[in-house]
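Written below as structure tokens is the structure these notes are about.
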Amino acid sequence: MWRDLLPLGRSAASGGYRRFAWTSADTDCRAWFRAQAEARGLTYEVDRNGNQWAWLGDPLAGQAVVTGSHLDSVPDGGAYDGPLGVISAFAAVDALRDRGAEPRKPLAVVNFGDEEGARFGVACAGSRLTAGRLTPDQARELRDAEGVTLAAAMERAGRDPAALGPDPERLARIDAFVELHVEQGRALDLAGAPVGVASAIWPHGRWRFDFRGEANHAGTTRLEDRHDPMLTYATTVLAARKKARLAGALATFGKVAVEPNGVNAIASLVRGWLDSRAADEDTLAALVAAVEQAARERGARDGVAVHVVRESFTPVVEFAHDLRDRLTRLIAPTGTNPVPVLPTGAGHDAGILSAAVPTAMLFVRNPTGVSHSPAESAAEDDCAAGVDALADVLEGLACG
């Protein structure tokens, strides 16, 4: 499976992946998923929001146990973030069959669409739509950097954007969703453990900061006559780092767009996207407010207007304790070698669905802690341990 998936959407220049929603690379990944489902005799379907499903058992029977993740990527992302969960899900189904286990409940593998939000700016779009946390009208009007709407991109990919919307009937048929993911940090490596269980997801969100100044000539305009939004933006980036450090939280400006984007021109508009996360929602709200205040204060001095829009937000997620505890028992039934239980600052589809469905997560050790980068990695033995752990969980939840 790794060999077949590895070249899809890979950049020869960076070695990373550019598997963005509703592009040709996304189409190739979707074809790979369908081929894996059909090769196993699983019932394949695509839901109204473009999420892919592969079913062992009757999809309409209810009490289903679902596992999977996503196949899209951030710009120049690594090979493991998302795909490890989908590949491991199919491998776990294979392991159950090798064991002779016969599920009493329907079992499904899922690929949620546009989890990273790299193209249209809203993370976990597929699961948000399904859970009713992103409205169809909002989704259809999302635009990429070239101004293409999500609706138009879906149509080009052969999907009907008019069908987008909540899917409560589908969610009501799911008893549990378990997502396996490469750890995006080094907690498991430091603990010397190949696999861990998630306890919670920090609250997090994305905010767009628009800094509007005045375009002018870089070679003739006096410094004191400028209304340069790049100065306000740069000061805001530094303020975000300082205020996050003081709050014990995280704040990152990782994406920026500039107009007119000329070397010899003072910018008229700088648009920067803030990703911020914290252990609790009060800390996160205070941090973002402090960053915004710093931006407005500097903007007033620079003659630059500042406008802030919250594009997405996910509150703190405490995974269902009974399901989480059951996972730890299924993976380490004797209790002599307990499984680490750890929080994460990264968002996931499991977090989005947690309000509607009991959800849980397994993490596989990442020896460097690097993620969202071509350097992202996991050892083969650890990946195999993740598959074994996921198979144990699925057997306990669906066959027991």
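Each chain of the structure tokens is named A, B, ... in the order shown, its residues numbered from 1; ligands are numbered from 1 in display order.
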
I need the strand (DSSP E) residues of region 95-227 of chain A per DSSP on the backbone, written as a PyMOL selection string.
chain A and resi 107-111+174-182+195-201+204-212+216-217

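By chain and then residue number, the residues within 9 Å of region 248-252 of chain A are Val237, Ala240, Arg241, Lys243, Ala244, Trp273, Leu274, Asp275, Ser276, Arg277, Ala278, Ala279, Thr283, Leu284, Leu287, Val288 and Gly345 of chain A, counting only C-alpha atoms and disregarding those fewer than 4 positions away in sequence.
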
Residues near Leu238 (chain A), cut-off 10 Å, only C-alpha atoms, skip fewer than 4 positions along chain, as a PyMOL selection string:
chain A and resi 233-234+242-243+252-253+291+294

Using only C-alpha atoms, which protein or nucleic acid residues come within 10 Å of Glu395 (chain A)? Drop anything in the same chain fewer than 3 positions from it, and give the result as JSON, numbers by chain.
{"A": [65, 92, 93, 95, 96, 99, 101, 102, 103, 104, 107, 330, 389, 390, 391, 392, 398, 399, 400]}

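Closest approach to Pro340 (chain A) among A:Gly299, A:Pro229, A:Gly196, A:Pro136 is made by A:Gly196 (distances from only C-alpha atoms).
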
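If you measure from each of A:Thr27, A:Asn111, A:Thr221, A:Gln184 to Val364 (chain A) using only C-alpha atoms, the closest one turns out to be A:Gln184.
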
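Within 8 Å of region 324-326 of chain A there are Val197, Ala198, Ser199, Ala360 and Met361 of chain A, counting only C-alpha atoms and ignoring same-chain residues fewer than 6 positions away.
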
Filtering to all heavy atoms, could you give me those residues as a compact mmCIF listing (two decimals), in the first residue's frame?
# COMPACT_ATOMS: atom_id res chain seq x y z
N VAL A 197 -2.23 6.54 23.35
CA VAL A 197 -3.65 6.84 23.23
C VAL A 197 -3.86 8.32 23.55
O VAL A 197 -3.24 8.85 24.49
CB VAL A 197 -4.49 5.97 24.19
CG1 VAL A 197 -5.96 6.39 24.17
CG2 VAL A 197 -4.35 4.49 23.81
N ALA A 198 -4.70 8.99 22.79
CA ALA A 198 -4.95 10.41 23.00
C ALA A 198 -5.90 10.64 24.17
O ALA A 198 -6.87 9.91 24.34
CB ALA A 198 -5.54 11.03 21.74
N SER A 199 -5.61 11.68 24.94
CA SER A 199 -6.50 12.07 26.03
C SER A 199 -7.39 13.24 25.62
O SER A 199 -8.58 13.28 25.95
CB SER A 199 -5.70 12.45 27.27
OG SER A 199 -4.83 13.54 26.99
N ALA A 360 -11.99 8.25 19.56
CA ALA A 360 -10.73 8.02 20.26
C ALA A 360 -9.61 8.07 19.23
O ALA A 360 -9.86 7.98 18.02
CB ALA A 360 -10.72 6.68 20.99
N MET A 361 -8.37 8.19 19.71
CA MET A 361 -7.23 8.25 18.81
C MET A 361 -6.08 7.41 19.33
O MET A 361 -5.84 7.34 20.54
CB MET A 361 -6.75 9.69 18.62
CG MET A 361 -7.71 10.57 17.84
SD MET A 361 -6.93 12.13 17.32
CE MET A 361 -5.78 11.53 16.06

Go through A:Gly41, A:Gly121, A:Gly50, A:Gly16 one by one, measure the shortest atom-to-atom distance of each to Lys255 (chain A) using only C-alpha atoms, and give the residue with the smallest value.
A:Gly121

Would you please work out which residue, of A:Ala385, A:Val263, A:Ala162, A:Leu323, is nearest to Arg48 (chain A) when using only C-alpha atoms?
A:Ala162

Please compute the CA of Asn264 (chain A)-CA of Ala218 (chain A) distance, one decimal, in Å.
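The value is 5.0 Å.
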
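Across the structure, CA of Trp2 (chain A) and CA of Pro106 (chain A) are spaced 25.8 Å apart.
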
Using only C-alpha atoms for the distances, tell me which of A:Ser73, A:Ser371, A:Gln63, A:Thr220 is nearest to Gly9 (chain A).
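Nearest candidate to Gly9 (chain A) out of A:Ser73, A:Ser371, A:Gln63, A:Thr220: A:Ser73.
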
Which residue of A:Asp114, A:Asp47, A:Glu259, A:Glu292 approaches Leu164 (chain A) most closely, using only C-alpha atoms:
A:Asp47

At what distance in Å, to one decimal, does CA of Ala139 (chain A) lie from CA of Asp282 (chain A)?
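Rounded to one decimal, the two atoms are 27.7 Å apart.
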
Based on the backbone DSSP call, show me all residues of region 23-138 of chain A assigned alpha helix (DSSP H), as a count of residues only.
43

Quick one: residues within 10 Å of Ala123 (chain A), only C-alpha atoms counted, chain neighbours fewer than 3 positions away excluded, as a ChimeraX atom specification?
/A:113-120,126-128,205-206,311-314,347-349,352
